[in-house]
Structure formats: structure tokens, C-alpha cells
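This is data.txt (compact mmCIF, C-alpha atoms and all ligand atoms).
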```txt
# COMPACT_ATOMS: atom_id res chain seq x y z
CA MET A 118 49.33 65.05 138.32
CA THR A 119 48.20 61.43 138.16
CA ALA A 120 50.63 58.53 138.41
CA ALA A 121 49.81 57.62 134.79
CA ALA A 122 50.65 61.14 133.57
CA VAL A 123 53.93 61.07 135.46
CA THR A 124 54.77 57.72 133.86
CA ASP A 125 53.81 59.05 130.41
CA ALA A 126 56.03 62.07 130.89
CA ALA A 127 58.91 59.87 132.07
CA ALA A 128 58.43 57.61 129.05
CA THR A 129 58.35 60.59 126.67
CA TYR A 130 61.51 62.02 128.20
CA ALA A 131 63.21 58.62 127.89
CA ARG A 132 62.11 58.45 124.25
CA TYR A 133 63.56 61.88 123.43
CA ARG A 134 66.72 61.02 125.31
CA ARG A 135 67.20 57.96 123.15
CA ALA A 136 66.47 59.97 120.00
CA LEU A 137 69.00 62.65 120.91
CA ALA A 138 71.80 60.32 122.00
CA GLY A 139 74.88 61.17 119.96
CA HIS A 140 73.45 64.45 118.61
CA ARG A 141 75.18 67.70 119.36
CA LEU A 142 73.25 69.92 121.76
CA PRO A 143 71.70 72.48 121.77
CA ALA A 144 69.34 70.99 119.19
CA ALA A 145 65.87 71.90 118.04
CA VAL A 146 63.45 69.04 117.77
CA VAL A 147 60.08 68.54 116.11
CA ASP A 148 58.06 65.48 117.05
CA VAL A 149 56.46 64.76 113.69
CA ASP A 150 53.58 62.66 115.02
CA ALA A 151 52.55 65.43 117.41
CA PHE A 152 52.99 67.97 114.58
CA ASP A 153 50.77 65.93 112.23
CA ARG A 154 48.09 65.56 114.91
CA ASN A 155 48.14 69.33 115.44
CA VAL A 156 47.69 69.84 111.69
CA ASP A 157 44.67 67.54 111.73
CA ARG A 158 43.17 69.26 114.78
CA LEU A 159 43.60 72.75 113.34
CA VAL A 160 42.29 71.90 109.90
CA ALA A 161 39.28 69.93 111.22
CA PRO A 162 37.04 73.02 111.69
CA LEU A 163 37.65 73.99 108.05
CA GLN A 164 36.72 70.57 106.66
CA ALA A 165 32.97 71.13 106.83
CA THR A 166 33.32 74.49 105.05
CA SER A 167 34.48 75.77 101.69
CA LYS A 168 37.20 77.81 103.39
CA ARG A 169 40.81 77.25 102.53
CA LEU A 170 43.87 77.15 104.75
CA ARG A 171 46.66 79.71 104.34
CA ILE A 172 49.84 78.66 106.09
CA ALA A 173 51.71 81.38 108.01
CA THR A 174 55.30 80.64 107.06
CA LYS A 175 56.83 82.95 109.68
CA SER A 176 55.33 80.69 112.31
CA LEU A 177 57.35 77.73 111.00
CA ARG A 178 60.43 79.31 109.34
CA CYS A 179 61.32 75.92 107.93
CA PRO A 180 60.41 75.08 104.32
CA ALA A 181 60.21 71.33 104.98
CA LEU A 182 57.62 71.87 107.72
CA VAL A 183 55.59 74.20 105.48
CA ARG A 184 55.64 71.51 102.79
CA ARG A 185 54.66 68.90 105.34
CA VAL A 186 51.49 70.86 106.16
CA VAL A 187 50.74 71.29 102.44
CA ALA A 188 51.20 67.56 101.82
CA ARG A 189 48.94 66.64 104.73
CA THR A 190 46.15 69.10 103.96
CA GLY A 191 46.11 68.70 100.16
CA GLU A 192 43.60 70.87 98.32
CA ARG A 193 42.54 72.55 101.57
CA ALA A 194 45.77 74.56 101.56
CA ILE A 195 45.39 77.46 99.16
CA GLY A 196 48.81 78.97 99.64
CA LEU A 197 51.24 80.70 101.93
CA MET A 198 51.12 83.84 104.06
CA THR A 199 54.63 85.22 103.90
CA TYR A 200 56.65 87.50 106.14
CA THR A 201 58.89 89.57 103.87
CA ALA A 202 59.17 90.40 100.18
CA ALA A 203 62.49 88.53 99.97
CA GLU A 204 60.85 85.42 101.35
CA THR A 205 57.93 85.83 98.94
CA ALA A 206 60.30 85.94 95.96
CA TRP A 207 62.11 82.88 97.33
CA TRP A 208 58.90 80.85 97.49
CA ALA A 209 57.91 81.98 93.99
CA ALA A 210 61.28 80.75 92.71
CA GLN A 211 60.62 77.44 94.48
CA GLY A 212 57.40 77.00 92.47
CA GLU A 213 54.78 78.16 95.00
CA ARG A 214 51.97 79.86 93.10
CA ASP A 215 49.70 81.54 95.68
CA LEU A 216 51.49 83.89 98.04
CA LEU A 217 50.21 86.65 100.29
CA LEU A 218 52.74 88.95 101.92
CA ALA A 219 50.80 90.01 105.01
CA TYR A 220 52.93 93.01 105.99
CA PRO A 221 53.16 96.19 103.90
CA THR A 222 56.41 97.57 102.54
CA VAL A 223 57.52 100.49 100.41
CA GLN A 224 61.29 100.09 100.20
CA ARG A 225 62.63 99.70 96.69
CA ALA A 226 64.48 96.41 97.24
CA ASP A 227 61.24 94.83 98.48
CA LEU A 228 59.23 96.18 95.56
CA ASP A 229 61.75 94.68 93.14
CA ASP A 230 61.33 91.33 94.93
CA LEU A 231 57.54 91.58 94.61
CA VAL A 232 57.83 92.33 90.91
CA ARG A 233 60.14 89.32 90.53
CA ALA A 234 57.74 87.10 92.48
CA ASN A 235 54.84 88.15 90.26
CA ARG A 236 56.67 87.09 87.11
CA ASP A 237 56.38 83.47 88.26
CA ALA A 238 53.52 83.44 90.75
CA ARG A 239 50.57 85.32 92.08
CA ALA A 240 52.18 87.20 94.94
CA ALA A 241 49.77 89.59 96.60
CA VAL A 242 50.77 92.10 99.23
CA VAL A 243 48.79 93.79 101.97
CA VAL A 244 48.30 97.57 101.92
CA ASP A 245 46.46 100.04 104.11
CA ASP A 246 47.73 103.41 102.85
CA ALA A 247 47.52 105.23 99.50
CA ALA A 248 51.28 105.87 99.65
CA GLN A 249 51.94 102.11 99.60
CA VAL A 250 49.63 101.70 96.60
CA ALA A 251 51.42 104.46 94.70
CA ALA A 252 54.91 103.14 95.51
CA ILE A 253 54.11 99.55 94.49
CA GLY A 254 52.18 100.65 91.41
CA ALA A 255 55.00 102.84 90.11
CA VAL A 256 57.64 100.11 90.33
CA ALA A 257 55.34 97.36 89.02
CA ASP A 258 54.08 99.42 86.10
CA ALA A 259 57.61 100.35 85.04
CA ALA A 260 58.49 96.64 85.10
CA GLY A 261 55.38 95.67 83.12
CA VAL A 262 53.94 93.57 85.96
CA THR A 263 50.66 93.77 87.89
CA VAL A 264 50.94 93.22 91.65
CA PRO A 265 47.71 92.10 93.37
CA LEU A 266 46.96 94.17 96.48
CA VAL A 267 44.94 93.06 99.50
CA VAL A 268 43.45 95.80 101.66
CA GLU A 269 44.00 95.32 105.37
CA LEU A 270 40.96 96.19 107.43
CA ASP A 271 41.60 96.93 111.09
CA VAL A 272 39.28 94.80 113.23
CA ALA A 273 40.64 95.69 116.65
CA TRP A 274 37.90 96.06 119.25
CA ARG A 275 37.16 99.75 119.53
CA PRO A 276 34.36 100.30 122.04
CA PHE A 277 33.11 103.70 123.27
CA GLY A 278 32.96 105.17 119.80
CA GLY A 279 36.54 104.18 119.01
CA ARG A 280 38.01 105.95 122.04
CA VAL A 281 39.41 102.65 123.34
CA HIS A 282 41.57 100.45 121.09
CA VAL A 283 41.91 96.78 122.10
CA GLY A 284 44.07 94.98 119.58
CA VAL A 285 47.25 95.44 117.63
CA ARG A 286 48.21 98.64 115.84
CA ARG A 287 48.15 97.74 112.21
CA SER A 288 45.87 99.28 109.65
CA PRO A 289 44.26 102.74 109.95
CA LEU A 290 41.24 101.45 107.95
CA HIS A 291 38.59 100.80 110.59
CA ASP A 292 35.42 100.59 108.51
CA ALA A 293 33.89 99.81 105.13
CA PRO A 294 34.09 103.35 103.67
CA ALA A 295 37.82 103.56 104.48
CA ALA A 296 38.47 100.17 102.87
CA VAL A 297 36.40 101.07 99.81
CA ALA A 298 38.33 104.32 99.37
CA ILE A 299 41.66 102.53 99.20
CA ALA A 300 40.26 99.78 96.97
CA ARG A 301 39.10 102.50 94.57
CA ALA A 302 42.58 104.02 94.63
CA ILE A 303 44.01 100.60 93.76
CA ALA A 304 41.58 100.20 90.87
CA ALA A 305 42.67 103.59 89.54
CA THR A 306 46.42 102.85 89.76
CA ARG A 307 48.46 101.21 87.00
CA GLY A 308 50.65 98.25 87.97
CA VAL A 309 48.36 96.99 90.75
CA SER A 310 45.00 95.22 91.00
CA PHE A 311 42.52 94.84 93.85
CA ALA A 312 42.58 91.26 95.13
CA GLY A 313 40.66 91.25 98.40
CA VAL A 314 40.65 91.99 102.10
CA MET A 315 42.65 90.82 105.09
CA ALA A 316 40.98 91.33 108.47
CA TYR A 317 43.11 89.65 111.13
CA ASP A 318 41.51 89.41 114.56
CA ALA A 319 44.72 89.68 116.60
CA GLN A 320 42.88 90.49 119.83
CA ILE A 321 41.11 87.12 119.54
CA ALA A 322 43.61 84.87 117.77
CA GLY A 323 46.66 86.22 119.55
CA VAL A 324 45.51 86.89 123.12
CA THR A 325 45.74 84.19 125.78
CA ASP A 326 42.71 83.90 128.04
CA ALA A 327 43.49 80.93 130.29
CA SER A 328 47.00 81.84 131.33
CA PRO A 329 48.70 81.04 134.62
CA PHE A 330 50.85 84.15 134.03
CA HIS A 331 47.92 86.56 134.42
CA ARG A 332 45.12 84.60 136.08
CA TRP A 333 43.39 87.74 137.28
CA GLN A 334 43.00 88.98 133.68
CA ASN A 335 41.64 85.79 132.13
CA GLY A 336 37.96 86.57 132.80
CA ALA A 337 38.24 90.07 131.35
CA ARG A 338 40.12 88.76 128.32
CA ARG A 339 37.42 86.17 127.62
CA ALA A 340 34.73 88.85 127.96
CA MET A 341 36.66 91.13 125.58
CA LYS A 342 36.89 88.33 123.01
CA ARG A 343 33.18 87.52 123.30
CA ARG A 344 32.21 91.12 122.66
CA SER A 345 34.77 91.70 119.97
CA ARG A 346 33.76 88.67 117.87
CA ALA A 347 30.39 90.12 116.87
CA ALA A 348 31.98 93.46 115.94
CA VAL A 349 34.63 91.73 113.82
CA GLU A 350 32.05 89.68 111.93
CA THR A 351 29.96 92.79 111.28
CA VAL A 352 32.75 95.00 109.97
CA ARG A 353 34.09 92.21 107.76
CA ALA A 354 30.65 91.55 106.26
CA ASP A 355 29.85 95.26 105.82
CA THR A 356 33.17 95.87 104.08
CA VAL A 357 32.85 92.98 101.64
CA ARG A 358 29.27 94.05 100.84
CA ALA A 359 30.29 97.67 100.29
CA LEU A 360 33.11 96.60 97.99
CA ALA A 361 30.75 94.42 95.95
CA ASP A 362 28.37 97.37 95.65
CA GLU A 363 31.27 99.35 94.17
CA LYS A 364 31.93 96.54 91.64
CA LEU A 365 35.12 95.72 93.53
CA PRO A 366 34.49 92.12 94.56
CA ALA A 367 36.85 90.76 97.21
CA ALA A 368 37.90 87.40 95.80
CA LEU A 369 40.05 86.73 98.87
CA VAL A 370 38.92 87.49 102.43
CA ASN A 371 41.51 86.37 104.95
CA GLY A 372 41.32 86.24 108.73
CA GLY A 373 41.96 84.10 111.75
CA GLY A 374 44.94 82.46 113.34
CA THR A 375 45.75 79.52 115.57
CA GLY A 376 43.94 81.05 118.54
CA SER A 377 40.71 81.65 116.61
CA VAL A 378 40.53 78.89 114.04
CA ALA A 379 37.22 77.33 115.10
CA TRP A 380 35.39 80.64 115.25
CA SER A 381 37.02 81.86 112.02
CA ALA A 382 35.91 78.71 110.22
CA ALA A 383 32.34 79.68 111.06
CA ASP A 384 32.56 83.29 109.84
CA PRO A 385 30.69 83.22 106.52
CA THR A 386 32.57 86.26 105.17
CA LEU A 387 36.03 84.67 105.22
CA THR A 388 37.18 82.69 102.22
CA GLU A 389 40.35 81.51 103.95
CA VAL A 390 41.79 81.14 107.44
CA THR A 391 45.46 81.53 108.34
CA VAL A 392 47.19 79.08 110.67
CA GLY A 393 50.85 78.66 111.53
CA SER A 394 52.00 78.56 115.13
CA GLY A 395 49.61 75.90 116.34
CA PHE A 396 51.24 73.21 114.22
CA LEU A 397 54.28 73.38 116.52
CA GLY A 398 52.28 73.81 119.73
CA PRO A 399 54.47 76.41 121.50
CA HIS A 400 53.63 77.00 125.13
CA LEU A 401 51.70 80.29 124.69
CA PHE A 402 49.02 78.24 122.95
CA ASP A 403 48.52 76.18 126.13
CA TYR A 404 46.76 79.22 127.55
CA TYR A 405 43.72 79.51 125.27
CA ALA A 406 40.35 78.30 126.55
CA GLY A 407 38.99 75.63 124.22
CA LEU A 408 42.17 75.12 122.18
CA ASP A 409 43.53 71.60 122.37
CA LEU A 410 47.00 71.25 120.85
CA GLU A 411 50.03 69.27 121.88
CA PRO A 412 53.67 70.29 122.16
CA ALA A 413 55.50 69.37 118.97
CA ALA A 414 58.63 71.55 119.11
CA TYR A 415 61.37 71.62 121.70
CA PHE A 416 64.92 72.66 122.14
CA ALA A 417 67.27 70.39 124.02
CA LEU A 418 70.14 71.71 126.09
CA GLN A 419 73.00 69.74 127.54
CA VAL A 420 73.33 69.50 131.31
CA VAL A 421 76.87 70.65 132.00
CA ARG A 422 77.00 71.42 135.73
CA ARG A 423 75.52 70.43 139.08
CA PRO A 424 75.92 73.55 141.19
CA GLY A 425 74.19 72.03 144.21
CA GLY A 426 70.88 70.97 145.66
CA ARG A 427 68.35 69.92 143.05
CA VAL A 428 69.70 72.37 140.47
CA VAL A 429 71.39 71.34 137.25
CA THR A 430 72.80 73.89 134.83
CA CYS A 431 72.40 73.63 131.06
CA HIS A 432 74.54 75.26 128.41
CA GLY A 433 72.86 78.13 126.49
CA GLY A 434 69.10 78.48 126.27
CA GLY A 435 68.18 82.17 126.38
CA TYR A 436 65.62 81.96 123.61
CA VAL A 437 63.10 84.52 124.76
CA ALA A 438 60.03 85.33 122.66
CA SER A 439 59.08 88.72 121.22
CA GLY A 440 56.08 90.78 122.34
CA ALA A 441 55.27 92.70 125.52
CA ALA A 442 58.04 91.50 127.86
CA GLY A 443 56.94 89.25 130.70
CA ALA A 444 57.52 85.88 132.29
CA ASP A 445 55.27 84.22 129.72
CA ARG A 446 57.87 85.01 127.02
CA LEU A 447 60.47 82.73 128.62
CA PRO A 448 60.87 79.14 127.51
CA VAL A 449 59.46 76.52 129.86
CA PRO A 450 61.29 73.32 130.80
CA ALA A 451 59.20 70.38 129.55
CA PHE A 452 61.34 67.32 130.34
CA PRO A 453 62.21 66.07 132.86
CA GLU A 454 58.66 66.71 134.00
CA GLY A 455 58.47 69.22 136.84
CA ALA A 456 61.77 70.97 136.11
CA ARG A 457 61.52 74.74 136.48
CA LEU A 458 63.55 77.84 135.75
CA LEU A 459 65.07 79.80 138.61
CA PRO A 460 63.36 83.19 138.92
CA LEU A 461 66.63 85.06 139.39
CA GLU A 462 68.33 83.64 136.30
CA GLY A 463 65.54 82.77 133.86
CA ALA A 464 66.81 81.45 130.53
CA GLY A 465 70.36 82.72 130.08
CA GLU A 466 72.64 83.54 127.20
CA VAL A 467 75.39 81.15 128.28
CA GLN A 468 73.62 78.98 130.81
CA THR A 469 70.17 78.05 132.05
CA PRO A 470 69.92 76.43 135.46
CA VAL A 471 66.79 74.40 136.25
CA GLU A 472 65.56 73.02 139.51
CA LEU A 473 64.53 69.39 139.28
CA PRO A 474 61.68 67.90 141.28
CA GLY A 475 62.63 65.64 144.21
CA GLY A 476 63.49 62.12 143.12
CA THR A 477 64.51 63.13 139.56
CA THR A 478 68.12 62.79 138.59
CA VAL A 479 69.86 63.63 135.35
CA GLU A 480 73.49 63.04 134.51
CA LEU A 481 75.99 65.46 133.04
CA GLY A 482 75.55 65.29 129.27
CA ASP A 483 71.85 64.49 129.46
CA PRO A 484 69.38 66.72 127.64
CA VAL A 485 66.82 68.96 129.27
CA LEU A 486 64.01 69.76 126.83
CA PHE A 487 62.34 73.15 126.78
CA ARG A 488 59.43 74.65 124.87
CA HIS A 489 59.71 78.08 123.29
CA ALA A 490 56.86 80.50 124.01
CA LYS A 491 56.26 81.08 120.30
CA ALA A 492 56.54 78.98 117.18
CA GLY A 493 58.64 80.56 114.44
CA GLU A 494 61.23 82.33 116.52
CA LEU A 495 62.84 79.13 117.76
CA ALA A 496 64.05 78.52 114.20
CA GLU A 497 66.10 81.73 114.31
CA HIS A 498 68.43 80.07 116.81
CA PHE A 499 69.04 76.84 114.91
CA ASP A 500 70.23 75.79 111.46
CA ARG A 501 68.01 72.72 111.43
CA TYR A 502 65.19 70.89 113.08
CA LEU A 503 65.72 67.27 114.05
CA LEU A 504 62.53 65.48 113.06
CA VAL A 505 61.81 62.80 115.64
CA ARG A 506 59.44 59.89 115.30
CA GLY A 507 59.21 57.62 118.32
CA ASP A 508 62.74 57.42 119.67
CA THR A 509 64.53 58.09 116.39
CA VAL A 510 65.68 61.15 114.50
CA ILE A 511 64.28 60.34 111.07
CA GLU A 512 65.47 63.44 109.22
CA GLU A 513 67.26 66.75 109.69
CA VAL A 514 65.66 69.64 107.83
CA PRO A 515 67.05 73.18 107.44
CA THR A 516 65.37 76.19 108.97
CA TRP A 517 65.47 79.55 107.18
CA ARG A 518 68.77 80.11 108.92
CA GLY A 519 69.97 76.75 107.65
CA ILE A 520 69.27 77.67 104.04
CA GLY A 521 71.25 80.86 104.58
CA GLN A 522 68.23 83.15 104.64
CA CYS A 523 66.88 85.21 107.46
CA PHE A 524 64.47 86.91 105.03
CA LEU A 525 64.68 89.99 107.16
CA GLY A 526 67.28 91.85 105.19
C1 LIG A 601 48.27 88.59 109.44
C2 LIG A 601 48.33 87.41 110.34
N1 LIG A 601 47.39 86.46 110.22
C3 LIG A 601 47.41 85.38 111.01
C4 LIG A 601 48.36 85.19 111.98
C5 LIG A 601 48.25 83.99 112.88
O1 LIG A 601 49.30 83.14 112.82
P1 LIG A 601 49.49 81.99 113.89
O2 LIG A 601 48.57 80.88 113.51
O3 LIG A 601 50.91 81.64 113.72
O4 LIG A 601 49.17 82.52 115.24
C6 LIG A 601 49.35 86.17 112.15
C7 LIG A 601 50.36 86.02 113.21
O5 LIG A 601 51.13 86.87 113.55
C8 LIG A 601 49.33 87.30 111.30
O6 LIG A 601 50.26 88.28 111.42
```

Spell out the structure here as C-alpha cells.
Ligand SMILES: Cc1ncc(COP(=O)(O)O)c(C=O)c1O
Amino acid sequence: MTAAAVTDAAATYARYRRALAGHRLPAAVVDVDAFDRNVDRLVAPLQATSKRLRIATKSLRCPALVRRVVARTGERAIGLMTYTAAETAWWAAQGERDLLLAYPTVQRADLDDLVRANRDARAAVVVDDAAQVAAIGAVADAAGVTVPLVVELDVAWRPFGGRVHVGVRRSPLHDAPAAVAIARAIAATRGVSFAGVMAYDAQIAGVTDASPFHRWQNGARRAMKRRSRAAVETVRADTVRALADEKLPAALVNGGGTGSVAWSAADPTLTEVTVGSGFLGPHLFDYYAGLDLEPAAYFALQVVRRPGGRVVTCHGGGYVASGAAGADRLPVPAFPEGARLLPLEGAGEVQTPVELPGGTTVELGDPVLFRHAKAGELAEHFDRYLLVRGDTVIEEVPTWRGIGQCFLG
């Protein structure tokens, strides 16, 4: 680390310390200037294209931040990718008009929410199974509403004739004929309409390939992504062509995520690209080759003890991310620069000790700032985000939790 970088980090820590003075800790913080710069960086690849931006709300879980992205990106933002049916109905009631629930559901309470959402808005939902189509169609038809359905195409990398599956386990529809079959079923079902295709490249957008947590895998991960890209482009294009041949044009073709935005912007088949997490710059997105974002979200814990040596102990802090469990799911201390978790304690429910670098002192009551591994999940632990500009908290905005909604049930 250069002397200038150390000074920058010290100045940033001092700035956040001033901003947080007098605020109750733990607190969750979003640096709005860094957030806005991330928005600009992530939308830049789309600007030279006709593609639109769909904002993944579950990666923000804070309506004010979603609206901030919409305000900054203007016409580029086509709408929201939502997490649950309850959330979808909530946004429709708030006046949002283009919603895509990206995760299928068949339970009755959710279907009622989707019907409700479609009375005010266009609220599409992803399907990949004839049973989902039938369940949604029956409830929608009885209510006199048409629910737009988007067919999810699986674009996991499946080399060796499909015997190996590299990617997430989502849709069973691996090719154009399978997608066409379900689109035909939609066209033949009352209460639903065929709206398009979602083909999310999770093994590209969601897989780190420059990670200090698995250095020995980075080369193989980059090779996997290189090979998989061509296959994804082909199956997307083949599917959209086959649907058009069946007179089932896919008006919406969605793909991409923070980790694949530049490549997705160049895929001619996509009409829109989803982005969410990158706006907040959580630490997992530090570990993607060629992705240049900056940290915009933190949580600040209070230093409450000095157990000895260079260790200080903070209150709370065990905000561990979902996914395959591993050290990369833990939060990382960001400020003071060079602070690190203790391997035997990690980030704890009631306390999180950190070891400070030599020469760094913090007082009892001072904040230590951490970054969550992922973007949206931090909001589950806090009622509000403190929006910081410079060394001032300029606004406090509620998270989902703060508006009394977890949208998960
Ligand atoms: C369907 C879908 N598209 C896109 C994304 C990418 O979102 P993000 O930009 O937050 O990584 C996700 C993330 O889970 C997703 O589930």
C-alpha cells in the first residue's frame, strides 16, 4: 500500500467518524457519492445500446435507493426485478408500472398478490414448469386478470453433453424446444400471456474469478466463464428465434447481473440487463476480473472493549452472507484500514473483535466500519440506511425492514 493510499484511507475513516458522531451504533451507512458513481459505471456499457436497465430490488432492499437509481438513470431504467409476490404488489401500489418477479411461485397468497399487482401495473412473473402456468392461469382467470409470464431458460454451462452442470439450479428448460413448449402452453392457457424470456447467466454474473479466498481456482473459473459465454449467447439466440418462428415473439429478453454487465450489454439477443448489487459495491464484487466498483455500503459497530494487544472488540456484527458457506461470506473490516477479523471468532452475534495494524489506535465508542459480502442482505439487519455525503449524514431512509416489510412472508 502506498503512503498516499494509507493517507486516503485515514482521511476516509476520519470523514465517516465525523459523520457518525452522535449516531447510535450499529448503523448501516451508504456513501451516496460512491453509490452514484457505481450507478454511472454500471450503466455506462448500456448507454451505447438500446438495452434497458432492470433494477434488482432484492439487492438493495431499500425503496429510496431503488428510486435513486431510477432518478439517476432516467429512461434507461425500464423497471424493477422483484423478489417476492408481496413485494411486487407493494411496488404496484406505489405506482411502479413495469415489474418482473424473477422467482416462480404457486402458493395461493402469492397468486392473489400477483393478480392485485396486475390490476394497477404490468407485473410479470417467471415460470419454468407447466404446473406454475396452470396455477397462475386458474387464479388470474377467475379474477378476470391476465398475468404476463416470462419463461426462464436455464443457461448454466453444461459441457460433455449435459453430464456436467456448472451454474445454479433453476429452470429445467435447457434449450429452445423446451422453452417453446412452455411458451405454447402459456399461449393456450386463459388468464396468462407470454411476455418473454429470462436467461440469467449466474455462472458468469455471480461467480468470482479474482478472489483471494480461492486463488487456486481463479484461472479455472475464468476459463469456465470464457467457454460458457459463447454457449449462453447461442442458446439465448436460438430460443428467441424459435419462439419467433412459432409466432410467439419474446418482447422482453432479460439477462445479466452486476458481474456480467459489460458482456451482457454486448449480447444482441437481450433487450434488458439486470443490475442490483454493484450499486452498493459489497466486497464479493471486489473479486471479479475487469469489474471496477467502489465500496458504497458499510455497517459501523461501536468499539466497546480492549481485551489486550492490538485487539479491540466491537458490539454485534455477525452479518454473514448467504450462499455456499466459506470465509468469503464474512464481512470484512474496512476502516480503520488494515483491521482484520480474528480467525477463531469471525464476526460474532454479540461481539466482533478485530486486530488493528501497528500504530493504529481507536478509542472506546469509536466506530469500526465493515463491508458486508453481499448487497441486499445487509438491509435485513437494519431499519434504515444513513445516507452520508462527505462527512455528514444527509438523510435516513428506511430499508424494507424499516417500512415493516420483509416481503418474505
Ligand atoms: C434473476 C437474476 N438476475 C440478475 C441477478 C443479478 O443481480 P445483482 O446485480 O444483484 O448481482 C440476480 C441475482 O441474484 C438474479 O437472481

Among listed residues A:Gly395, A:Gly278, A:Pro162, A:Pro294, nearest ligand LIG 601 (chain A) (using only C-alpha atoms and all ligand atoms):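 Ranked by minimum distance to ligand LIG 601 (chain A), first place goes to A:Gly395.
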
Fewer than 3 positions away in the same chain doesn't count, so skip those; otherwise give me all residues within 10 Å of Gly475 in chain A, counting all atoms listed in the file, as a PyMOL selection string. chain A and resi 426-427+455-456+472+478

What separation in Å, quoted to one decimal, exists between CA of Ala136 in chain A and CA of Leu504 in chain A? 9.7 Å

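Checking A:Ala444, A:His432, A:Gly507, A:Phe487 one by one against Gly465 in chain A, counting all atoms listed in the file, you find the shortest gap at A:His432.
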
Given all atoms listed in the file, how would the per-residue table for chain A near ligand LIG 601 (chain A) read, listing every residue at most 9 Å away with its closest atom pair and distance in Å to one decimal, sorted by chain and number, as CSV?
```
residue,atom,partner,partner_atom,distance
A:Arg171,CA,A:LIG601,C3,8.8
A:Ile172,CA,A:LIG601,O2,7.8
A:Ala173,CA,A:LIG601,O1,5.7
A:Thr174,CA,A:LIG601,O3,8.0
A:Lys175,CA,A:LIG601,O3,7.3
A:Ser176,CA,A:LIG601,O3,4.7
A:Leu177,CA,A:LIG601,O3,8.0
A:Met198,CA,A:LIG601,N1,7.7
A:Tyr200,CA,A:LIG601,O6,8.3
A:Leu218,CA,A:LIG601,C1,8.8
A:Ala219,CA,A:LIG601,C1,5.3
A:Tyr220,CA,A:LIG601,C1,7.3
A:Glu269,CA,A:LIG601,C1,8.9
A:Met315,CA,A:LIG601,C1,7.4
A:Ala316,CA,A:LIG601,C1,7.8
A:Tyr317,CA,A:LIG601,N1,5.4
A:Asp318,CA,A:LIG601,N1,7.9
A:Ala319,CA,A:LIG601,C6,7.3
A:Ala322,CA,A:LIG601,O4,6.5
A:Gly323,CA,A:LIG601,O4,6.2
A:Asn371,CA,A:LIG601,N1,7.9
A:Gly372,CA,A:LIG601,N1,6.3
A:Gly373,CA,A:LIG601,C3,5.6
A:Gly374,CA,A:LIG601,C5,3.7
A:Thr375,CA,A:LIG601,O2,3.7
A:Gly376,CA,A:LIG601,O4,6.4
A:Ser377,CA,A:LIG601,O2,8.5
A:Val378,CA,A:LIG601,O2,8.3
A:Val390,CA,A:LIG601,C3,7.9
A:Thr391,CA,A:LIG601,C3,5.1
A:Val392,CA,A:LIG601,O2,3.6
A:Gly393,CA,A:LIG601,O3,3.7
A:Ser394,CA,A:LIG601,O3,3.6
A:Gly395,CA,A:LIG601,O2,5.8
A:Phe396,CA,A:LIG601,O2,8.2
A:Phe402,CA,A:LIG601,O4,8.8
A:Lys491,CA,A:LIG601,O3,8.5
A:Ala492,CA,A:LIG601,O3,7.1
A:Gly493,CA,A:LIG601,O3,7.8
```

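Of the listed residues A:Val244, A:Val514, A:Ala348, A:Leu182, the one whose atoms come nearest to Ser310 in chain A is A:Val244, with distances taken using only C-alpha atoms.
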
For CA of Asp292 in chain A and CA of Asp258 in chain A, determine how far apart the two atoms are, in Å to one decimal place.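 Computed distance, CA of Asp292 in chain A to CA of Asp258 in chain A, equals 29.2 Å.
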
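Remark: for Thr477 in chain A, the closest of the candidate residues A:Ser381, A:Gly284, A:Ala127, A:Pro515 is A:Ala127 (distances computed over only C-alpha atoms).
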
Would you compute the distance between CA of Ala206 in chain A and CA of Ala226 in chain A? Give it in Å to one decimal.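 Interatomic distance, CA of Ala206 in chain A to CA of Ala226 in chain A: 11.3 Å.
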
When distances are computed from all atoms listed in the file, which of A:Pro385, A:Pro474, A:Gly191, A:Gly519 shows the smallest separation from Glu497 in chain A? A:Gly519

Identify which of the residues A:Asp150, A:Leu231, A:Thr129, A:Pro450 lies closest to Val505 in chain A, counting only C-alpha atoms when measuring atom-to-atom distances. A:Asp150

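Non-sequential neighbours of Arg339 in chain A (distance at most 10 Å, separation of 2 or more positions within a chain, all atoms listed in the file) are A:Ile321, A:Val324, A:Thr325, A:Asp326, A:Ala327, A:Gln334, A:Asn335, A:Gly336, A:Ala337, A:Met341, A:Lys342, A:Arg343, A:Arg344, A:Ser345, A:Tyr405, A:Ala406.
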
Counting only C-alpha atoms, which residues sit no farther than 8 Å from the position (59.7, 74.4, 129.6) in the file's frame? I'd like them as a ChimeraX atom specification. /A:400,448-452,456-457,486-489

Edge lengths and centre in Å to one decimal, as JSON, of the axis-aligned box that encloses all listed atoms of range 229-242 of chain A with 3 Å added on every side?
```
{"center_x": 55.8, "center_y": 89.1, "center_z": 93.2, "size_x": 18.0, "size_y": 17.2, "size_z": 18.1}
```

Near-Ala414 in chain A list (6 Å; only C-alpha atoms; drop same-chain fewer than 4 positions) as a list in words: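 Non-adjacent residues within range: Val146, Val147 and Leu397 of chain A.
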